[in-house]
$ cat protein13.txt   # compact mmCIF, C-alpha atoms and all ligand atoms
# COMPACT_ATOMS: atom_id res chain seq x y z
CA MET D 1 161.11 -134.84 36.95
CA THR D 2 160.86 -138.42 38.11
CA THR D 3 159.25 -140.77 35.69
CA ILE D 4 158.01 -144.22 36.42
CA GLU D 5 159.87 -146.74 34.34
CA THR D 6 158.49 -150.08 35.07
CA ALA D 7 158.21 -153.62 33.96
CA PRO D 8 155.20 -154.69 31.91
CA GLN D 9 151.82 -155.36 33.35
CA ALA D 10 151.36 -159.04 32.86
CA ALA D 11 150.52 -160.80 36.09
CA SER D 12 152.71 -163.52 37.51
CA PRO D 13 151.36 -167.04 36.86
CA SER D 14 150.91 -167.49 40.60
CA GLY D 15 148.71 -164.40 40.67
CA ASP D 16 151.04 -163.03 43.33
CA ASP D 17 150.80 -159.27 43.32
CA VAL D 18 154.05 -158.63 45.13
CA PRO D 19 157.19 -158.90 43.00
CA VAL D 20 159.82 -161.22 44.36
CA LEU D 21 162.47 -158.62 43.62
CA GLU D 22 161.94 -155.04 42.62
CA ALA D 23 164.04 -151.98 41.87
CA ARG D 24 162.40 -148.61 42.46
CA HIS D 25 163.97 -145.54 40.91
CA VAL D 26 167.40 -147.07 41.25
CA THR D 27 170.38 -144.92 40.28
CA LYS D 28 174.03 -145.89 40.27
CA HIS D 29 176.77 -143.37 39.66
CA PHE D 30 180.38 -144.52 39.75
CA THR D 31 182.98 -141.90 40.58
CA VAL D 32 186.12 -142.35 38.51
CA HIS D 33 189.42 -140.49 38.32
CA SER D 34 190.61 -139.16 35.02
CA SER D 35 194.13 -140.54 35.58
CA PRO D 36 195.19 -143.98 36.80
CA PHE D 37 197.16 -142.31 39.60
CA ARG D 38 193.94 -140.97 41.13
CA ARG D 39 194.94 -137.45 40.16
CA GLY D 40 192.95 -134.92 38.21
CA PRO D 41 189.26 -134.16 38.41
CA ARG D 42 186.79 -136.84 39.35
CA ARG D 43 184.12 -137.83 36.91
CA VAL D 44 180.81 -139.53 37.34
CA VAL D 45 179.69 -142.50 35.24
CA HIS D 46 175.89 -142.56 35.02
CA ALA D 47 175.65 -146.35 34.80
CA ALA D 48 171.98 -146.55 35.85
CA ASP D 49 169.56 -143.66 36.19
CA ASP D 50 166.13 -143.93 37.81
CA VAL D 51 165.51 -147.54 36.78
CA SER D 52 162.40 -149.30 38.09
CA LEU D 53 161.73 -152.94 37.25
CA ALA D 54 159.89 -155.80 38.93
CA LEU D 55 160.55 -159.55 38.79
CA TYR D 56 157.71 -161.99 39.44
CA ALA D 57 157.71 -165.63 40.52
CA GLY D 58 157.74 -168.11 37.64
CA ARG D 59 158.36 -165.40 35.08
CA ILE D 60 161.29 -164.37 32.88
CA MET D 61 162.14 -160.75 32.23
CA ALA D 62 164.71 -159.98 29.54
CA LEU D 63 166.86 -156.88 29.99
CA VAL D 64 168.18 -155.97 26.57
CA GLY D 65 170.66 -153.36 25.39
CA GLU D 66 173.99 -152.73 23.69
CA SER D 67 177.29 -153.20 25.41
CA GLY D 68 177.84 -150.48 28.01
CA SER D 69 174.17 -149.63 28.46
CA GLY D 70 174.30 -150.54 32.16
CA LYS D 71 172.65 -153.99 32.16
CA SER D 72 175.31 -155.77 34.22
CA THR D 73 175.54 -152.89 36.65
CA PHE D 74 171.79 -153.08 37.17
CA ALA D 75 171.92 -156.86 37.74
CA ARG D 76 174.71 -156.32 40.27
CA LEU D 77 172.64 -153.69 42.05
CA LEU D 78 169.80 -156.21 42.35
CA ALA D 79 172.32 -158.73 43.69
CA GLN D 80 173.54 -156.07 46.15
CA LEU D 81 177.09 -156.37 44.88
CA HIS D 82 177.13 -152.59 44.49
CA PRO D 83 175.38 -150.16 46.82
CA VAL D 84 172.79 -148.01 45.06
CA THR D 85 173.43 -144.29 44.77
CA SER D 86 169.71 -143.66 45.25
CA GLY D 87 166.44 -145.54 45.00
CA GLU D 88 165.72 -148.86 46.62
CA ILE D 89 165.72 -152.60 46.10
CA LEU D 90 162.82 -154.54 47.61
CA TYR D 91 162.65 -158.27 48.28
CA ARG D 92 159.03 -159.42 48.55
CA GLY D 93 157.96 -155.85 49.23
CA THR D 94 160.52 -155.14 51.96
CA PRO D 95 163.43 -152.78 51.29
CA VAL D 96 166.75 -154.61 51.37
CA ARG D 97 169.62 -152.84 53.01
CA VAL D 98 172.66 -155.02 52.96
CA LYS D 99 175.13 -153.73 55.50
CA GLY D 100 177.58 -156.58 55.76
CA GLY D 101 178.19 -160.27 56.23
CA ALA D 102 174.93 -161.70 57.58
CA SER D 103 172.51 -159.49 55.63
CA PHE D 104 174.53 -159.97 52.44
CA ARG D 105 174.52 -163.76 52.88
CA ALA D 106 170.78 -163.72 53.50
CA HIS D 107 170.23 -161.77 50.27
CA VAL D 108 172.60 -163.97 48.28
CA SER D 109 170.80 -167.09 49.41
CA LYS D 110 167.63 -165.78 47.79
CA VAL D 111 169.07 -163.93 44.81
CA GLN D 112 171.69 -165.78 42.78
CA LEU D 113 173.78 -164.30 40.00
CA ILE D 114 174.77 -166.49 37.03
CA LEU D 115 177.62 -165.00 35.02
CA GLN D 116 178.50 -165.04 31.35
CA ASP D 117 181.86 -166.80 31.58
CA PRO D 118 181.53 -170.05 33.51
CA PHE D 119 185.29 -170.71 33.30
CA GLY D 120 186.02 -167.46 35.10
CA SER D 121 183.65 -168.25 37.96
CA PHE D 122 185.26 -171.56 39.02
CA ASN D 123 188.45 -172.19 40.95
CA PRO D 124 190.63 -173.88 38.30
CA VAL D 125 192.44 -176.08 40.83
CA ALA D 126 189.32 -177.35 42.62
CA THR D 127 187.31 -180.35 41.43
CA ILE D 128 183.63 -179.83 40.74
CA ALA D 129 182.87 -181.89 43.86
CA ARG D 130 184.95 -179.54 45.98
CA THR D 131 183.32 -176.43 44.52
CA LEU D 132 179.82 -177.80 44.96
CA THR D 133 180.55 -179.11 48.47
CA ARG D 134 181.57 -175.61 49.48
CA ALA D 135 178.25 -174.21 48.21
CA VAL D 136 176.28 -177.02 49.89
CA ARG D 137 178.08 -176.44 53.21
CA ILE D 138 177.16 -172.76 53.14
CA HIS D 139 173.50 -173.32 52.39
CA HIS D 140 172.95 -176.68 54.16
CA PRO D 141 175.19 -176.34 57.22
CA LYS D 142 173.61 -179.33 59.00
CA ALA D 143 174.19 -181.84 56.18
CA ASP D 144 176.87 -184.43 56.95
CA GLY D 145 179.19 -185.96 54.32
CA PRO D 146 176.75 -188.53 52.83
CA ALA D 147 173.92 -185.99 52.88
CA GLN D 148 176.14 -183.47 51.10
CA ARG D 149 176.90 -186.03 48.38
CA ARG D 150 173.20 -186.78 47.95
CA ILE D 151 172.46 -183.05 47.62
CA ILE D 152 175.23 -182.68 45.02
CA ASP D 153 173.90 -185.65 43.04
CA ASP D 154 170.44 -184.12 43.13
CA LEU D 155 171.73 -180.68 42.05
CA LEU D 156 173.55 -182.20 39.09
CA ALA D 157 170.46 -184.23 38.16
CA GLN D 158 168.42 -181.03 38.16
CA VAL D 159 170.72 -179.57 35.52
CA SER D 160 170.63 -182.84 33.54
CA LEU D 161 174.21 -183.87 34.30
CA ARG D 162 173.95 -187.60 34.95
CA PRO D 163 175.55 -189.69 36.24
CA ALA D 164 176.97 -187.24 38.76
CA ARG D 165 180.23 -189.23 39.14
CA GLN D 166 181.07 -188.43 35.55
CA PHE D 167 181.39 -184.75 36.50
CA THR D 168 182.23 -184.44 40.19
CA GLU D 169 185.85 -185.59 39.96
CA LYS D 170 186.67 -183.39 37.00
CA TYR D 171 188.39 -180.02 37.00
CA PRO D 172 186.80 -177.03 35.22
CA HIS D 173 189.17 -177.23 32.25
CA GLU D 174 188.07 -180.84 31.62
CA LEU D 175 184.50 -179.75 30.95
CA SER D 176 182.90 -177.89 28.06
CA GLY D 177 181.47 -174.40 28.45
CA GLY D 178 177.92 -175.75 28.34
CA GLN D 179 178.60 -178.36 31.04
CA LEU D 180 180.31 -175.77 33.21
CA GLN D 181 177.44 -173.33 32.83
CA ARG D 182 175.09 -176.11 33.93
CA ILE D 183 177.30 -176.68 36.96
CA SER D 184 177.27 -172.98 37.79
CA ILE D 185 173.47 -173.18 37.67
CA ALA D 186 173.59 -176.25 39.96
CA ARG D 187 175.81 -174.27 42.35
CA ALA D 188 173.28 -171.43 42.32
CA LEU D 189 170.48 -173.94 43.01
CA ALA D 190 172.27 -175.07 46.18
CA ALA D 191 171.01 -171.88 47.80
CA ASP D 192 167.40 -172.72 46.85
CA PRO D 193 166.99 -169.18 45.49
CA ASP D 194 163.82 -167.30 44.56
CA VAL D 195 165.55 -165.22 41.91
CA PHE D 196 168.14 -165.89 39.23
CA LEU D 197 169.97 -162.96 37.72
CA ALA D 198 171.47 -164.47 34.58
CA ASP D 199 173.95 -162.05 33.02
CA GLU D 200 174.46 -163.10 29.38
CA PRO D 201 174.30 -166.78 30.48
CA VAL D 202 174.80 -168.22 27.00
CA SER D 203 176.77 -165.53 25.15
CA SER D 204 180.10 -167.27 25.65
CA LEU D 205 178.77 -170.69 24.59
CA ASP D 206 178.73 -172.26 21.15
CA VAL D 207 175.56 -171.41 19.29
CA SER D 208 174.68 -175.11 19.09
CA ILE D 209 174.43 -175.52 22.87
CA ARG D 210 172.85 -172.21 23.81
CA LEU D 211 169.32 -173.47 23.38
CA GLY D 212 169.90 -176.40 25.77
CA VAL D 213 171.06 -174.05 28.55
CA LEU D 214 168.17 -171.63 27.94
CA ASN D 215 165.73 -174.55 28.01
CA LEU D 216 167.23 -175.67 31.30
CA LEU D 217 166.72 -172.21 32.81
CA ARG D 218 163.16 -172.10 31.48
CA ARG D 219 162.40 -175.49 33.05
CA LEU D 220 163.79 -174.36 36.42
CA VAL D 221 161.66 -171.21 36.29
CA GLU D 222 158.56 -173.29 35.58
CA GLU D 223 159.24 -176.12 38.03
CA ARG D 224 160.58 -174.10 40.93
CA GLY D 225 158.69 -170.85 40.39
CA VAL D 226 161.84 -168.73 40.53
CA ALA D 227 161.88 -165.28 38.98
CA LEU D 228 164.54 -164.82 36.30
CA LEU D 229 166.20 -161.70 34.94
CA TYR D 230 167.77 -162.58 31.60
CA VAL D 231 170.40 -159.98 30.70
CA THR D 232 171.26 -160.08 27.02
CA HIS D 233 172.27 -158.01 24.03
CA ASP D 234 170.37 -160.44 21.80
CA ILE D 235 166.85 -159.10 21.45
CA ALA D 236 165.85 -161.98 19.16
CA SER D 237 166.43 -164.51 21.96
CA ALA D 238 164.34 -162.38 24.32
CA ARG D 239 161.29 -162.95 22.15
CA TYR D 240 161.43 -166.72 22.50
CA PHE D 241 162.79 -166.98 26.00
CA ALA D 242 161.21 -164.25 28.13
CA GLU D 243 157.59 -163.30 28.77
CA ASP D 244 158.56 -159.68 29.29
CA THR D 245 161.28 -157.48 27.85
CA SER D 246 162.77 -154.23 29.11
CA VAL D 247 165.13 -152.26 26.89
CA MET D 248 168.00 -150.25 28.36
CA TYR D 249 169.88 -147.45 26.66
CA ALA D 250 172.66 -145.38 28.19
CA GLY D 251 171.73 -146.28 31.76
CA GLN D 252 167.98 -145.77 31.40
CA LEU D 253 165.05 -148.01 30.56
CA VAL D 254 163.46 -146.73 27.34
CA GLU D 255 160.80 -149.33 26.59
CA ALA D 256 159.18 -152.38 28.17
CA GLY D 257 156.27 -154.72 27.65
CA PRO D 258 155.39 -158.28 26.76
CA SER D 259 158.29 -159.68 24.72
CA GLU D 260 156.08 -160.50 21.76
CA THR D 261 154.85 -156.90 21.55
CA VAL D 262 158.23 -155.27 22.19
CA THR D 263 159.94 -157.38 19.53
CA GLN D 264 157.16 -157.41 16.93
CA LYS D 265 155.85 -153.86 17.45
CA ALA D 266 158.85 -152.06 18.89
CA ALA D 267 157.85 -148.53 19.82
CA HIS D 268 161.11 -146.80 20.71
CA PRO D 269 163.42 -145.97 17.79
CA TYR D 270 166.30 -147.51 19.77
CA THR D 271 164.45 -150.83 20.12
CA GLN D 272 163.61 -150.63 16.43
CA LEU D 273 167.29 -150.13 15.66
CA LEU D 274 168.27 -153.12 17.83
CA ILE D 275 165.78 -155.34 16.04
CA ALA D 276 166.75 -154.11 12.59
CA SER D 277 170.44 -154.67 13.42
CA ALA D 278 169.94 -158.25 14.63
CA PRO D 279 171.27 -160.86 12.21
CA ASP D 280 168.49 -162.05 9.91
CA PRO D 281 169.48 -164.29 7.02
CA SER D 282 166.19 -163.57 5.26
CA ARG D 283 166.97 -159.84 5.02
CA PRO D 284 169.12 -158.59 2.15
CA ASP D 285 172.23 -156.61 3.11
CA GLU D 286 170.91 -153.39 1.59
CA ALA D 287 167.88 -153.59 3.87
CA ARG D 288 170.04 -153.39 6.99
CA PRO D 289 169.85 -150.05 8.79
CA ARG D 290 172.78 -147.73 8.20
CA ASP D 291 174.99 -147.30 11.22
CA ILE D 292 173.77 -144.15 12.87
CA GLY D 293 176.37 -143.74 15.54
CA GLN D 294 177.62 -145.18 18.77
CA PRO D 295 176.22 -145.26 22.31
CA PRO D 296 177.08 -142.05 24.19
CA SER D 297 179.59 -141.61 26.96
CA LEU D 298 177.95 -142.24 30.30
CA ILE D 299 180.25 -139.66 31.84
CA ASP D 300 178.55 -136.88 29.95
CA PRO D 301 175.30 -138.32 28.59
CA PRO D 302 173.32 -136.26 26.06
CA SER D 303 170.69 -133.85 27.36
CA GLY D 304 167.00 -134.55 26.81
CA CYS D 305 166.45 -138.00 25.40
CA ARG D 306 169.83 -139.78 25.54
CA PHE D 307 169.10 -141.45 22.21
CA HIS D 308 168.43 -138.19 20.33
CA PRO D 309 171.89 -137.89 18.64
CA ARG D 310 171.28 -141.28 16.97
CA CYS D 311 167.55 -140.98 16.38
CA PRO D 312 166.32 -140.38 12.83
CA PHE D 313 163.01 -139.07 14.21
CA ALA D 314 164.38 -136.63 16.79
CA MET D 315 162.45 -133.40 17.31
CA GLU D 316 163.64 -130.22 18.97
CA ARG D 317 162.14 -131.19 22.35
CA CYS D 318 164.11 -134.47 22.29
CA ARG D 319 167.33 -132.46 22.55
CA THR D 320 166.25 -130.60 25.66
CA ASP D 321 163.53 -132.51 27.54
CA ALA D 322 163.79 -136.06 28.85
CA PRO D 323 160.67 -137.86 27.62
CA PRO D 324 158.19 -139.27 30.12
CA ALA D 325 156.99 -142.85 29.74
CA PHE D 326 153.97 -143.20 27.46
CA ALA D 327 151.69 -146.20 27.95
CA LEU D 328 150.79 -147.88 24.65
CA GLU D 329 148.68 -150.92 23.91
CA ASP D 330 149.07 -154.41 25.44
CA GLY D 331 150.95 -153.19 28.49
CA GLN D 332 153.82 -151.80 26.42
CA TRP D 333 155.35 -148.43 27.24
CA ALA D 334 158.07 -146.26 25.72
CA LYS D 335 159.94 -143.20 26.90
CA CYS D 336 159.79 -141.36 23.62
CA TRP D 337 158.29 -138.05 22.50
CA LEU D 338 156.97 -139.75 19.36
CA TYR D 339 153.99 -140.86 21.45
CA ALA D 340 153.01 -137.38 22.63
CA ASP D 341 149.54 -136.29 21.66
CA ASP D 342 150.27 -133.42 19.27
CA ALA D 343 150.58 -132.75 15.54
CA GLU D 344 154.39 -132.76 15.27
CA ALA D 345 154.68 -136.08 17.11
CA ALA D 346 151.90 -137.55 14.92
CA GLU D 347 153.82 -136.51 11.80
CA ARG D 348 157.00 -138.16 13.07
CA ARG D 349 155.08 -141.30 14.04
CA ALA D 350 153.83 -141.48 10.46
CA GLU D 351 157.45 -141.24 9.19
CA ASN D 352 158.45 -143.91 11.69
CA ALA D 353 155.65 -146.21 10.51
CA VAL D 354 156.86 -145.91 6.91
CA ALA D 355 160.54 -146.37 7.78
CA TYR D 356 159.90 -149.53 9.79
CA GLY D 357 157.09 -150.89 7.61
CA LEU D 358 154.66 -150.86 10.50
CA GLY D 359 151.59 -150.73 8.29
CA ALA D 360 149.45 -148.45 10.43
CA VAL D 361 150.51 -145.30 12.26
CA ARG D 362 150.37 -145.91 16.00
CA PRO D 363 148.12 -143.77 18.18
CA ALA D 364 149.55 -141.39 20.77
CA GLY D 365 150.27 -142.91 24.17
CA ARG D 366 148.96 -142.06 27.60
CA ARG D 367 151.46 -140.27 29.80
CA ILE D 368 152.25 -142.36 32.83
CA PRO D 369 151.84 -140.47 36.10
CA THR D 370 155.09 -139.11 37.40
CA GLY D 371 156.51 -138.05 40.72
CA PRO D 372 157.95 -139.80 43.73
CA ASP D 373 154.53 -140.80 45.08
CA ALA D 374 153.26 -142.29 41.86
CA PRO D 375 152.46 -146.00 42.06
CA THR D 376 155.34 -148.28 41.17
CA ASP D 377 153.35 -151.47 40.67
CA PRO D 378 153.82 -151.77 36.92
CA ARG D 379 150.42 -153.31 36.41
CA LYS D 380 148.79 -150.31 38.01
CA SER D 381 151.02 -147.52 36.84
CA THR D 382 151.26 -148.32 33.16
CA ASP D 383 148.25 -150.42 32.41
CA ALA D 384 147.31 -149.28 28.95
CA ARG D 385 144.68 -152.01 28.81
CA THR D 386 142.54 -150.05 31.22
CA SER D 387 142.88 -146.82 29.26
CA PRO D 388 140.09 -145.76 26.91
CA ASP D 389 142.53 -145.94 23.96
CA ALA D 390 143.55 -149.43 24.53
CA PRO D 391 142.07 -151.71 22.45
CA GLU D 392 160.14 -175.85 28.21
CA THR D 393 160.22 -176.82 25.95
CA THR D 394 161.73 -179.73 27.81
CA ASP D 395 165.39 -179.84 28.47
CA THR D 396 167.50 -181.34 25.76
CA LYS D 397 169.21 -184.25 27.44
CA GLY D 398 171.50 -184.86 24.58
CA ASP D 399 172.67 -181.32 24.78
CA GLN D 400 174.91 -181.39 27.78
CA GLN D 401 178.11 -180.21 26.24
N1 LIG B 1 183.01 -150.46 38.91
C1 LIG B 1 182.86 -149.56 37.95
N2 LIG B 1 183.48 -148.37 38.02
C2 LIG B 1 183.33 -147.42 37.07
N3 LIG B 1 182.54 -147.57 35.98
C3 LIG B 1 181.90 -148.74 35.86
C4 LIG B 1 182.02 -149.79 36.82
N4 LIG B 1 181.25 -150.83 36.42
C5 LIG B 1 180.68 -150.46 35.25
N5 LIG B 1 181.07 -149.20 34.92
C6 LIG B 1 180.65 -148.44 33.75
O1 LIG B 1 179.24 -148.43 33.72
C7 LIG B 1 178.78 -148.46 32.39
C8 LIG B 1 177.81 -149.59 32.20
O2 LIG B 1 178.55 -150.82 32.21
P1 LIG B 1 177.85 -152.24 32.26
O3 LIG B 1 178.92 -153.27 32.31
O4 LIG B 1 176.85 -152.25 33.33
O5 LIG B 1 177.11 -152.28 30.85
P2 LIG B 1 176.52 -153.54 30.07
O6 LIG B 1 175.31 -153.08 29.37
O7 LIG B 1 176.35 -154.69 31.02
O8 LIG B 1 177.66 -153.85 29.03
P3 LIG B 1 178.33 -155.27 28.66
O9 LIG B 1 177.28 -156.03 27.96
O10 LIG B 1 179.49 -154.89 27.80
O11 LIG B 1 178.75 -155.88 29.98
C9 LIG B 1 180.01 -148.55 31.49
O12 LIG B 1 180.33 -147.24 31.05
C10 LIG B 1 181.06 -149.08 32.43
O13 LIG B 1 182.34 -148.65 32.04
$ encode --input "protein13.txt" --output "structure tokens"
Amino acid sequence: MTTIETAPQAASPSGDDVPVLEARHVTKHFTVHSSPFRRGPRRVVHAADDVSLALYAGRIMALVGESGSGKSTFARLLAQLHPVTSGEILYRGTPVRVKGGASFRAHVSKVQLILQDPFGSFNPVATIARTLTRAVRIHHPKADGPAQRRIIDDLLAQVSLRPARQFTEKYPHELSGGQLQRISIARALAADPDVFLADEPVSSLDVSIRLGVLNLLRRLVEERGVALLYVTHDIASARYFAEDTSVMYAGQLVEAGPSETVTQKAAHPYTQLLIASAPDPSRPDEARPRDIGQPPSLIDPPSGCRFHPRCPFAMERCRTDAPPAFALEDGQWAKCWLYADDAEAAERRAENAVAYGLGAVRPAGRRIPTGPDAPTDPRKSTDARTSPDAPETTDTKGDQQ
């Protein structure tokens, strides 16, 4: 059974109906050997299974999940750094099929990946000027020397690194992590992209400078109208930073919706576990959820719902049948049998409401149409608001470390 797992329904600020970048039913299986000498049986890692997600201009989508859930793989599929096993990637509604040099360069100029470790993504023996000149030459081949320097100055100004001369003659090791991450964003801007895929962009930075880099990204999204995928394991940051949040578990999306709804009224027990596990100084230690296991192996993922071995609310069907997506209120959806419209699910929802202090028991959801021909526009396919049931900050200049 193919289910539609999509991004939330909120429209892009531009009102543009076509996502800038979209994944439809994307699956990635890596084949690995059981021994380092390429002997023994081959195994398949189910890194992403039937993932659909849309990115809109001027909008931030958070992709949240534990380590190993497949977030980076998915970002790399969108960047076309890995070929998909099945499904398709669309840029402005047109399927992208990168076959080699020219088509890959064309995609990269529109879709830029920003990585977690800025130190690892720079040549340690090249000055910042040299690194940026290389990027400018690729994307502005007609610019002569003085024009290249003007472009570099402008790129550094856009990431609030002024005066440019203070940075261009330095080597990566002479800069802080925050400054280097800003420079990697400036390098990405050289391509004048429509999409940023930011894979844990602040995880390796000191807590004190994370906000400055996130504010910078937010300002660029607003000023330039780029679409941003924010890959993170930190669901708390998703609430403040991203309009929309999608939650990934064991290679599959399990919940999505407006960030405020997903983080304040999490529907899937996995999302609830992520939120309850997030550091919260106001919560006493005894109120933290007990550890109920580890993510499964993606070589042999559990049958049915992949979360069922860890789920305190699992029912018999969860062990055998993969849940469809159920549309809830406010454009939220969850792939979880708790939202089925029957007595057993209602009883478990009541237990869930008590366990997570939800106040009221949530109503059943509306099953989202399934099948390969079902609509993939998230606003059409999962719009609970139409169902009868539905009721920069500015950049911190002082923070350039
Ligand atoms: N090139 C590869 N070959 C084989 N397996 C891979 C490859 N890349 C990723 N994987 C596997 O795919 C799964 C998902 O990994 P991925 O890095 O995408 O997860 P993640 O959610 O981004 O985790 P993290 O936050 O730790 O990076 C893991 O089991 C990983 O070992």
$ closest_residue --input "protein13.txt" --among "D:Gln166, D:Gln179, D:Gln252, D:Thr133" --to "ligand LIG 1 (chain B)" --atoms "only C-alpha atoms and all ligand atoms"
D:Gln252
$ residues_near_ligand --input "protein13.txt" --ligand "ligand LIG 1 (chain B)" --cutoff "6 Å" --atoms "only C-alpha atoms and all ligand atoms" --output "PyMOL selection string"
chain D and resi 30+32+45+47+66-73+298
$ atom_distance --input "protein13.txt" --atom1 "CA of Leu63 in chain D" --atom2 "CA of Ser246 in chain D"
5.0 Å
$ atom_distance --input "protein13.txt" --atom1 "CA of Asp234 in chain D" --atom2 "CA of Glu222 in chain D"
22.2 Å
$ atom_distance --input "protein13.txt" --atom1 "CA of Val202 in chain D" --atom2 "CA of Ala276 in chain D"
21.7 Å
